[in-house]
Amino acid sequence: MLDRYLLRYFLAVVDQGNFSRAAAHCNVSQPTLSVGISKLERTLQAQLFVRSSQRVELTSAGARFLLHARRIEREFNGAMQAMTGEGMDQPNLRLGILSSVPTEIIAECVARTHPARSHRFELLFGTERELTGHLARGRIDLAVTLVGRGADRFLERPIVTEGYGLALPAGHRLAGESAIAPELLAQEVMMVRRHCEALSETSRFFTERGVRPHFALRSTNDERVLRMVAAGLGVTVMPMCFQAPGVVRPRLAGFSVERTLGWAATVEGEGLLSAMPSLLQAIDASLAGLARDDLGRSAWPAG
């Protein structure tokens with residue numbers, strides 16, 4: 001018999017990418033998790049992972065087992081929800097949101113549509129990796145996240161493609177420019193958005209042009225970064241959907257990196273994506289509206 005905690009360990013290694021992060025995710029020590037994986041492999045009489053100093057990869061047996069493990073975990077979660085008896089008269093709407101989507105966009109849509117009145121509603125913010133894990137485990141039904149990156153694990157529907165630009169205080173000497181060459185920022189103080197999907201590309205872009213600034217702040221909180229930009233602490237690079245009082249958003253000349261935001265759903269969440277409850281419609285329209293504000297390029301018509 002398979003113990004559920006062994007499935008949780010296995011899925012955590014798959015979703016987190018290595019044993020140390022998986023152990024932290026499961027709130028156990030790395031040796032405890034390793035022992036659990038070894039026990040699972042003995043039970044299944046198959047090696048599930050190829051371990052190296054760089055990364056952990058699934059074996060062919062591990063890839064086959066993954067399909068069953070996902071299904072078991074989803075069924076278990078569904079059974080637990082059904083047996084609680086809570087919210088039985090309302091359908092579930094468990095929505096994940098990419099952390100680098102402006103909170104104010106989502107908050108405005110929630111305030112306008114009141115999803116808790118019609119659904120047993122749950123909202124969860126996370127990185128792309130975290131949302132992928134939550135979808136795979138059935139923790140959420142669908143997510144607003146990065147799509148079109150070659151993954152075929154979920155149903156995807158793009159909403160908008162947007163670029164990245166600078167965020168400068170309104171009183172900055174270059175605030176009136178529509179596009180700014182990176183060389184002009186050589187003496188600037190900058191701030192790092194540590195969870196940015198384009199962080200490596202941004203770093204390489206500046207380094208290749210000899211721009212190695214001092215960093216005054218490193219943060220995973222985009223609202224905090226915007227407040228510090230407005231306060232004059234420094235400048236940063238972020239998706240063009242971010243706007244704030246006291247902050248101007250010129251283009252970074254020569255930086256052509258883009259991202260596509262869209263819906264990602266499990267097979268179980270496909271019905272929600274087809275029905276498009278009012279909250280999903282509002283989010284869809286708000287993100288697609290970025291194109292009308294000349295902040296992005298629409299990839300899917302709203303509504």
# chains A, B, ... in the order shown; residues from 1 in each chain; ligands from 1
>>> residues_around(residues="region 56-61 of chain A", least_positions_apart="5", cutoff="12 Å", atoms="only C-alpha atoms", output="list in words")
Phe10, Leu11, Ala12, Val13, Val14, Asp15, Gln16, Gly17, Asn18, Phe19, Ser20, Arg21, Ala22, Glu41, Leu44, Gln45, Ala46, Gln47, Leu48, Phe49, Val50, Arg51, Leu66, Leu67 and His68 of chain A
>>> atom_distance(atom1="CA of Ala136 (chain A)", atom2="CA of Asp222 (chain A)")
26.4 Å
>>> atom_distance(atom1="CA of Arg70 (chain A)", atom2="CA of Leu279 (chain A)")
27.6 Å
>>> atom_distance(atom1="CA of Gly133 (chain A)", atom2="CA of Leu226 (chain A)")
28.5 Å
>>> closest_residue(among="A:Leu168, A:Ala63, A:Ala282, A:Met276", to="Pro245 (chain A)", atoms="only C-alpha atoms")
A:Leu168
>>> closest_residue(among="A:Leu280, A:Val28, A:Leu252, A:Leu7", to="Phe205 (chain A)", atoms="only C-alpha atoms")
A:Leu252
>>> closest_residue(among="A:Ala288, A:Met190, A:Ala216, A:Val144", to="Phe125 (chain A)", atoms="only C-alpha atoms")
A:Val144
>>> closest_residue(among="A:Val225, A:Val235, A:Ala143, A:Ala285", to="Leu185 (chain A)", atoms="only C-alpha atoms")
A:Val235
>>> residues_around(residues="region 193-200 of chain A", least_positions_apart="4", cutoff="9 Å", atoms="only C-alpha atoms", output="list in words")
Ser99, Ser100, Thr127, Glu128, Tyr164, Arg204, Phe205, Leu217, Arg218, Ser219, Thr220, Asn221, Asp222, Val225, Thr236, Val237, Met238, Pro239, Val257, Glu258 and Arg259 of chain A
>>> write_last_selection(atoms="N, CA, C and O atoms", output="PDB file, in the first residue's frame")
ATOM      1  N   SER A  99       2.365  36.143  -9.123  1.00  0.00           N
ATOM      2  CA  SER A  99       2.738  37.211  -8.187  1.00  0.00           C
ATOM      3  C   SER A  99       3.095  38.509  -8.892  1.00  0.00           C
ATOM      4  O   SER A  99       2.951  39.592  -8.317  1.00  0.00           O
ATOM      5  N   SER A 100       3.584  38.420 -10.125  1.00  0.00           N
ATOM      6  CA  SER A 100       3.990  39.637 -10.831  1.00  0.00           C
ATOM      7  C   SER A 100       2.875  40.224 -11.690  1.00  0.00           C
ATOM      8  O   SER A 100       3.123  41.012 -12.595  1.00  0.00           O
ATOM      9  N   THR A 127       4.482  32.165  -7.554  1.00  0.00           N
ATOM     10  CA  THR A 127       5.351  32.216  -8.722  1.00  0.00           C
ATOM     11  C   THR A 127       4.821  31.251  -9.780  1.00  0.00           C
ATOM     12  O   THR A 127       3.927  30.433  -9.512  1.00  0.00           O
ATOM     13  N   GLU A 128       5.390  31.320 -10.974  1.00  0.00           N
ATOM     14  CA  GLU A 128       4.979  30.393 -12.032  1.00  0.00           C
ATOM     15  C   GLU A 128       5.178  28.949 -11.579  1.00  0.00           C
ATOM     16  O   GLU A 128       4.299  28.097 -11.774  1.00  0.00           O
ATOM     17  N   TYR A 164       8.583  44.744 -21.213  1.00  0.00           N
ATOM     18  CA  TYR A 164       9.119  45.269 -19.962  1.00  0.00           C
ATOM     19  C   TYR A 164       9.677  46.663 -20.224  1.00  0.00           C
ATOM     20  O   TYR A 164      10.158  46.951 -21.322  1.00  0.00           O
ATOM     21  N   ARG A 204      21.722  40.223 -17.842  1.00  0.00           N
ATOM     22  CA  ARG A 204      22.642  40.045 -18.958  1.00  0.00           C
ATOM     23  C   ARG A 204      22.630  41.263 -19.886  1.00  0.00           C
ATOM     24  O   ARG A 204      23.678  41.691 -20.385  1.00  0.00           O
ATOM     25  N   PHE A 205      21.465  41.850 -20.087  1.00  0.00           N
ATOM     26  CA  PHE A 205      21.329  43.023 -20.967  1.00  0.00           C
ATOM     27  C   PHE A 205      22.191  44.178 -20.461  1.00  0.00           C
ATOM     28  O   PHE A 205      22.933  44.798 -21.229  1.00  0.00           O
ATOM     29  N   LEU A 217      17.874  48.023  -3.201  1.00  0.00           N
ATOM     30  CA  LEU A 217      16.788  47.202  -2.664  1.00  0.00           C
ATOM     31  C   LEU A 217      16.649  45.943  -3.504  1.00  0.00           C
ATOM     32  O   LEU A 217      16.721  46.004  -4.738  1.00  0.00           O
ATOM     33  N   ARG A 218      16.461  44.824  -2.832  1.00  0.00           N
ATOM     34  CA  ARG A 218      16.118  43.557  -3.482  1.00  0.00           C
ATOM     35  C   ARG A 218      14.841  43.058  -2.836  1.00  0.00           C
ATOM     36  O   ARG A 218      14.817  42.823  -1.631  1.00  0.00           O
ATOM     37  N   SER A 219      13.798  42.883  -3.632  1.00  0.00           N
ATOM     38  CA  SER A 219      12.493  42.576  -3.048  1.00  0.00           C
ATOM     39  C   SER A 219      11.665  41.700  -3.976  1.00  0.00           C
ATOM     40  O   SER A 219      11.826  41.744  -5.200  1.00  0.00           O
ATOM     41  N   THR A 220      10.769  40.894  -3.389  1.00  0.00           N
ATOM     42  CA  THR A 220       9.788  40.133  -4.167  1.00  0.00           C
ATOM     43  C   THR A 220       8.419  40.804  -4.128  1.00  0.00           C
ATOM     44  O   THR A 220       7.455  40.256  -4.652  1.00  0.00           O
ATOM     45  N   ASN A 221       8.327  41.983  -3.537  1.00  0.00           N
ATOM     46  CA  ASN A 221       7.065  42.698  -3.405  1.00  0.00           C
ATOM     47  C   ASN A 221       7.055  43.854  -4.401  1.00  0.00           C
ATOM     48  O   ASN A 221       7.721  44.875  -4.196  1.00  0.00           O
ATOM     49  N   ASP A 222       6.300  43.702  -5.495  1.00  0.00           N
ATOM     50  CA  ASP A 222       6.307  44.726  -6.543  1.00  0.00           C
ATOM     51  C   ASP A 222       5.692  46.042  -6.092  1.00  0.00           C
ATOM     52  O   ASP A 222       6.156  47.116  -6.509  1.00  0.00           O
ATOM     53  N   VAL A 225       8.327  47.872  -4.278  1.00  0.00           N
ATOM     54  CA  VAL A 225       9.312  48.422  -5.211  1.00  0.00           C
ATOM     55  C   VAL A 225       8.780  49.697  -5.854  1.00  0.00           C
ATOM     56  O   VAL A 225       9.496  50.715  -5.945  1.00  0.00           O
ATOM     57  N   THR A 236      14.033  50.722 -11.683  1.00  0.00           N
ATOM     58  CA  THR A 236      13.975  49.280 -11.878  1.00  0.00           C
ATOM     59  C   THR A 236      13.378  48.966 -13.241  1.00  0.00           C
ATOM     60  O   THR A 236      12.945  49.870 -13.975  1.00  0.00           O
ATOM     61  N   VAL A 237      13.355  47.678 -13.586  1.00  0.00           N
ATOM     62  CA  VAL A 237      12.737  47.173 -14.802  1.00  0.00           C
ATOM     63  C   VAL A 237      11.594  46.265 -14.391  1.00  0.00           C
ATOM     64  O   VAL A 237      11.763  45.402 -13.537  1.00  0.00           O
ATOM     65  N   MET A 238      10.420  46.472 -15.006  1.00  0.00           N
ATOM     66  CA  MET A 238       9.274  45.642 -14.663  1.00  0.00           C
ATOM     67  C   MET A 238       8.283  45.601 -15.811  1.00  0.00           C
ATOM     68  O   MET A 238       8.375  46.423 -16.746  1.00  0.00           O
ATOM     69  N   PRO A 239       7.349  44.640 -15.813  1.00  0.00           N
ATOM     70  CA  PRO A 239       6.359  44.573 -16.884  1.00  0.00           C
ATOM     71  C   PRO A 239       5.594  45.883 -17.004  1.00  0.00           C
ATOM     72  O   PRO A 239       5.352  46.572 -16.017  1.00  0.00           O
ATOM     73  N   VAL A 257      12.481  41.854 -24.584  1.00  0.00           N
ATOM     74  CA  VAL A 257      11.887  40.703 -23.906  1.00  0.00           C
ATOM     75  C   VAL A 257      10.401  40.956 -23.654  1.00  0.00           C
ATOM     76  O   VAL A 257       9.998  42.059 -23.283  1.00  0.00           O
ATOM     77  N   GLU A 258       9.580  39.937 -23.878  1.00  0.00           N
ATOM     78  CA  GLU A 258       8.139  40.024 -23.648  1.00  0.00           C
ATOM     79  C   GLU A 258       7.670  38.818 -22.823  1.00  0.00           C
ATOM     80  O   GLU A 258       8.377  37.825 -22.695  1.00  0.00           O
ATOM     81  N   ARG A 259       6.470  38.939 -22.310  1.00  0.00           N
ATOM     82  CA  ARG A 259       5.832  37.808 -21.638  1.00  0.00           C
ATOM     83  C   ARG A 259       4.372  37.749 -22.060  1.00  0.00           C
ATOM     84  O   ARG A 259       3.769  38.782 -22.387  1.00  0.00           O
TER      85      ARG A 259
END
>>> closest_residue(among="A:Arg224, A:Arg249, A:Arg139, A:Arg149", to="Glu73 (chain A)", atoms="only C-alpha atoms")
A:Arg139
>>> residues_around(residues="Ile106 (chain A)", least_positions_apart="4", cutoff="8 Å", atoms="only C-alpha atoms", output="PDB file with all heavy atoms, in the first residue's frame")
ATOM      1  N   PRO A 102      -0.117  42.862 -11.273  1.00  0.00           N
ATOM      2  CA  PRO A 102      -0.433  43.888 -10.270  1.00  0.00           C
ATOM      3  C   PRO A 102      -1.631  43.530  -9.403  1.00  0.00           C
ATOM      4  O   PRO A 102      -2.699  43.214  -9.914  1.00  0.00           O
ATOM      5  CB  PRO A 102      -0.715  45.133 -11.130  1.00  0.00           C
ATOM      6  CG  PRO A 102       0.086  44.913 -12.375  1.00  0.00           C
ATOM      7  CD  PRO A 102       0.013  43.432 -12.625  1.00  0.00           C
ATOM      8  N   VAL A 110     -12.153  41.777  -8.156  1.00  0.00           N
ATOM      9  CA  VAL A 110     -12.848  41.117  -7.052  1.00  0.00           C
ATOM     10  C   VAL A 110     -13.900  42.046  -6.458  1.00  0.00           C
ATOM     11  O   VAL A 110     -15.042  41.632  -6.198  1.00  0.00           O
ATOM     12  CB  VAL A 110     -11.838  40.680  -5.960  1.00  0.00           C
ATOM     13  CG1 VAL A 110     -12.567  40.257  -4.690  1.00  0.00           C
ATOM     14  CG2 VAL A 110     -10.963  39.543  -6.471  1.00  0.00           C
ATOM     15  N   ILE A 283     -11.247  39.902 -15.075  1.00  0.00           N
ATOM     16  CA  ILE A 283      -9.792  39.805 -15.168  1.00  0.00           C
ATOM     17  C   ILE A 283      -9.361  39.734 -16.620  1.00  0.00           C
ATOM     18  O   ILE A 283      -8.403  40.397 -17.044  1.00  0.00           O
ATOM     19  CB  ILE A 283      -9.287  38.579 -14.387  1.00  0.00           C
ATOM     20  CG1 ILE A 283      -9.535  38.768 -12.892  1.00  0.00           C
ATOM     21  CG2 ILE A 283      -7.803  38.334 -14.653  1.00  0.00           C
ATOM     22  CD1 ILE A 283      -9.217  37.543 -12.052  1.00  0.00           C
TER      23      ILE A 283
END
>>> residues_around(residues="Trp263 (chain A)", least_positions_apart="4", cutoff="9 Å", atoms="only C-alpha atoms", output="VMD selection string")
chain A and resid 142 to 147 155 to 159 273 284
>>> decode(residues="region 167-183 of chain A", atoms="all heavy atoms", output="PDB file, in the first residue's frame")
ATOM      1  N   ALA A 167      10.997  51.757 -14.699  1.00  0.00           N
ATOM      2  CA  ALA A 167      10.148  52.483 -13.757  1.00  0.00           C
ATOM      3  C   ALA A 167      11.022  53.520 -13.086  1.00  0.00           C
ATOM      4  O   ALA A 167      11.999  53.180 -12.404  1.00  0.00           O
ATOM      5  CB  ALA A 167       9.544  51.538 -12.731  1.00  0.00           C
ATOM      6  N   LEU A 168      10.710  54.817 -13.323  1.00  0.00           N
ATOM      7  CA  LEU A 168      11.500  55.931 -12.809  1.00  0.00           C
ATOM      8  C   LEU A 168      10.614  56.840 -11.969  1.00  0.00           C
ATOM      9  O   LEU A 168       9.410  56.973 -12.242  1.00  0.00           O
ATOM     10  CB  LEU A 168      12.093  56.759 -13.951  1.00  0.00           C
ATOM     11  CG  LEU A 168      13.370  56.296 -14.652  1.00  0.00           C
ATOM     12  CD1 LEU A 168      13.129  55.001 -15.408  1.00  0.00           C
ATOM     13  CD2 LEU A 168      13.850  57.386 -15.613  1.00  0.00           C
ATOM     14  N   PRO A 169      11.194  57.517 -10.967  1.00  0.00           N
ATOM     15  CA  PRO A 169      10.408  58.525 -10.258  1.00  0.00           C
ATOM     16  C   PRO A 169      10.043  59.664 -11.199  1.00  0.00           C
ATOM     17  O   PRO A 169      10.803  60.011 -12.114  1.00  0.00           O
ATOM     18  CB  PRO A 169      11.347  58.986  -9.137  1.00  0.00           C
ATOM     19  CG  PRO A 169      12.715  58.564  -9.551  1.00  0.00           C
ATOM     20  CD  PRO A 169      12.546  57.357 -10.423  1.00  0.00           C
ATOM     21  N   ALA A 170       8.865  60.243 -10.986  1.00  0.00           N
ATOM     22  CA  ALA A 170       8.368  61.279 -11.892  1.00  0.00           C
ATOM     23  C   ALA A 170       9.305  62.471 -11.988  1.00  0.00           C
ATOM     24  O   ALA A 170       9.331  63.168 -13.004  1.00  0.00           O
ATOM     25  CB  ALA A 170       6.976  61.727 -11.440  1.00  0.00           C
ATOM     26  N   GLY A 171      10.088  62.711 -10.942  1.00  0.00           N
ATOM     27  CA  GLY A 171      11.005  63.844 -10.968  1.00  0.00           C
ATOM     28  C   GLY A 171      12.391  63.511 -11.493  1.00  0.00           C
ATOM     29  O   GLY A 171      13.301  64.353 -11.426  1.00  0.00           O
ATOM     30  N   HIS A 172      12.576  62.339 -12.035  1.00  0.00           N
ATOM     31  CA  HIS A 172      13.891  61.909 -12.527  1.00  0.00           C
ATOM     32  C   HIS A 172      14.317  62.745 -13.730  1.00  0.00           C
ATOM     33  O   HIS A 172      13.484  63.208 -14.516  1.00  0.00           O
ATOM     34  CB  HIS A 172      13.825  60.424 -12.914  1.00  0.00           C
ATOM     35  CG  HIS A 172      15.154  59.798 -13.141  1.00  0.00           C
ATOM     36  ND1 HIS A 172      15.825  59.885 -14.344  1.00  0.00           N
ATOM     37  CD2 HIS A 172      15.945  59.043 -12.316  1.00  0.00           C
ATOM     38  CE1 HIS A 172      16.968  59.215 -14.255  1.00  0.00           C
ATOM     39  NE2 HIS A 172      17.067  58.691 -13.042  1.00  0.00           N
ATOM     40  N   ARG A 173      15.617  62.921 -13.888  1.00  0.00           N
ATOM     41  CA  ARG A 173      16.141  63.747 -14.989  1.00  0.00           C
ATOM     42  C   ARG A 173      15.770  63.198 -16.363  1.00  0.00           C
ATOM     43  O   ARG A 173      15.730  63.940 -17.345  1.00  0.00           O
ATOM     44  CB  ARG A 173      17.664  63.839 -14.870  1.00  0.00           C
ATOM     45  CG  ARG A 173      18.381  62.495 -14.963  1.00  0.00           C
ATOM     46  CD  ARG A 173      19.875  62.600 -14.708  1.00  0.00           C
ATOM     47  NE  ARG A 173      20.520  61.290 -14.681  1.00  0.00           N
ATOM     48  CZ  ARG A 173      20.932  60.639 -15.768  1.00  0.00           C
ATOM     49  NH1 ARG A 173      20.801  61.199 -16.968  1.00  0.00           N
ATOM     50  NH2 ARG A 173      21.503  59.446 -15.657  1.00  0.00           N
ATOM     51  N   LEU A 174      15.465  61.888 -16.466  1.00  0.00           N
ATOM     52  CA  LEU A 174      15.115  61.287 -17.754  1.00  0.00           C
ATOM     53  C   LEU A 174      13.627  60.969 -17.858  1.00  0.00           C
ATOM     54  O   LEU A 174      13.199  60.285 -18.790  1.00  0.00           O
ATOM     55  CB  LEU A 174      15.918  59.991 -17.959  1.00  0.00           C
ATOM     56  CG  LEU A 174      17.443  60.126 -17.992  1.00  0.00           C
ATOM     57  CD1 LEU A 174      18.089  58.749 -18.018  1.00  0.00           C
ATOM     58  CD2 LEU A 174      17.866  60.953 -19.207  1.00  0.00           C
ATOM     59  N   ALA A 175      12.846  61.481 -16.915  1.00  0.00           N
ATOM     60  CA  ALA A 175      11.425  61.113 -16.857  1.00  0.00           C
ATOM     61  C   ALA A 175      10.644  61.534 -18.086  1.00  0.00           C
ATOM     62  O   ALA A 175       9.624  60.931 -18.411  1.00  0.00           O
ATOM     63  CB  ALA A 175      10.784  61.723 -15.608  1.00  0.00           C
ATOM     64  N   GLY A 176      11.098  62.524 -18.801  1.00  0.00           N
ATOM     65  CA  GLY A 176      10.365  62.991 -19.970  1.00  0.00           C
ATOM     66  C   GLY A 176      10.656  62.217 -21.244  1.00  0.00           C
ATOM     67  O   GLY A 176      10.029  62.461 -22.283  1.00  0.00           O
ATOM     68  N   GLU A 177      11.588  61.268 -21.191  1.00  0.00           N
ATOM     69  CA  GLU A 177      11.956  60.499 -22.383  1.00  0.00           C
ATOM     70  C   GLU A 177      10.993  59.328 -22.586  1.00  0.00           C
ATOM     71  O   GLU A 177      10.553  58.693 -21.634  1.00  0.00           O
ATOM     72  CB  GLU A 177      13.377  59.961 -22.249  1.00  0.00           C
ATOM     73  CG  GLU A 177      14.441  61.019 -22.005  1.00  0.00           C
ATOM     74  CD  GLU A 177      14.598  61.944 -23.202  1.00  0.00           C
ATOM     75  OE1 GLU A 177      14.398  61.458 -24.337  1.00  0.00           O
ATOM     76  OE2 GLU A 177      14.913  63.130 -22.995  1.00  0.00           O
ATOM     77  N   SER A 178      10.702  59.017 -23.859  1.00  0.00           N
ATOM     78  CA  SER A 178       9.843  57.865 -24.155  1.00  0.00           C
ATOM     79  C   SER A 178      10.637  56.567 -24.177  1.00  0.00           C
ATOM     80  O   SER A 178      10.086  55.487 -23.935  1.00  0.00           O
ATOM     81  CB  SER A 178       9.133  58.066 -25.498  1.00  0.00           C
ATOM     82  OG  SER A 178      10.085  58.210 -26.549  1.00  0.00           O
ATOM     83  N   ALA A 179      11.920  56.657 -24.485  1.00  0.00           N
ATOM     84  CA  ALA A 179      12.805  55.493 -24.487  1.00  0.00           C
ATOM     85  C   ALA A 179      14.177  55.933 -23.995  1.00  0.00           C
ATOM     86  O   ALA A 179      14.647  57.020 -24.339  1.00  0.00           O
ATOM     87  CB  ALA A 179      12.912  54.879 -25.878  1.00  0.00           C
ATOM     88  N   ILE A 180      14.809  55.088 -23.186  1.00  0.00           N
ATOM     89  CA  ILE A 180      16.081  55.451 -22.565  1.00  0.00           C
ATOM     90  C   ILE A 180      17.115  54.365 -22.858  1.00  0.00           C
ATOM     91  O   ILE A 180      16.863  53.169 -22.639  1.00  0.00           O
ATOM     92  CB  ILE A 180      15.911  55.611 -21.042  1.00  0.00           C
ATOM     93  CG1 ILE A 180      14.943  56.766 -20.744  1.00  0.00           C
ATOM     94  CG2 ILE A 180      17.260  55.856 -20.362  1.00  0.00           C
ATOM     95  CD1 ILE A 180      14.575  56.898 -19.280  1.00  0.00           C
ATOM     96  N   ALA A 181      18.267  54.780 -23.364  1.00  0.00           N
ATOM     97  CA  ALA A 181      19.351  53.841 -23.638  1.00  0.00           C
ATOM     98  C   ALA A 181      19.946  53.346 -22.323  1.00  0.00           C
ATOM     99  O   ALA A 181      20.089  54.124 -21.372  1.00  0.00           O
ATOM    100  CB  ALA A 181      20.433  54.506 -24.485  1.00  0.00           C
ATOM    101  N   PRO A 182      20.302  52.076 -22.216  1.00  0.00           N
ATOM    102  CA  PRO A 182      20.831  51.536 -20.954  1.00  0.00           C
ATOM    103  C   PRO A 182      22.099  52.243 -20.497  1.00  0.00           C
ATOM    104  O   PRO A 182      22.336  52.370 -19.292  1.00  0.00           O
ATOM    105  CB  PRO A 182      21.087  50.061 -21.285  1.00  0.00           C
ATOM    106  CG  PRO A 182      21.175  49.998 -22.772  1.00  0.00           C
ATOM    107  CD  PRO A 182      20.250  51.049 -23.269  1.00  0.00           C
ATOM    108  N   GLU A 183      22.918  52.723 -21.434  1.00  0.00           N
ATOM    109  CA  GLU A 183      24.164  53.396 -21.072  1.00  0.00           C
ATOM    110  C   GLU A 183      23.917  54.650 -20.241  1.00  0.00           C
ATOM    111  O   GLU A 183      24.776  55.062 -19.454  1.00  0.00           O
ATOM    112  CB  GLU A 183      24.956  53.743 -22.326  1.00  0.00           C
ATOM    113  CG  GLU A 183      25.516  52.548 -23.085  1.00  0.00           C
ATOM    114  CD  GLU A 183      24.482  51.837 -23.945  1.00  0.00           C
ATOM    115  OE1 GLU A 183      23.359  52.374 -24.072  1.00  0.00           O
ATOM    116  OE2 GLU A 183      24.790  50.758 -24.486  1.00  0.00           O
TER     117      GLU A 183
END
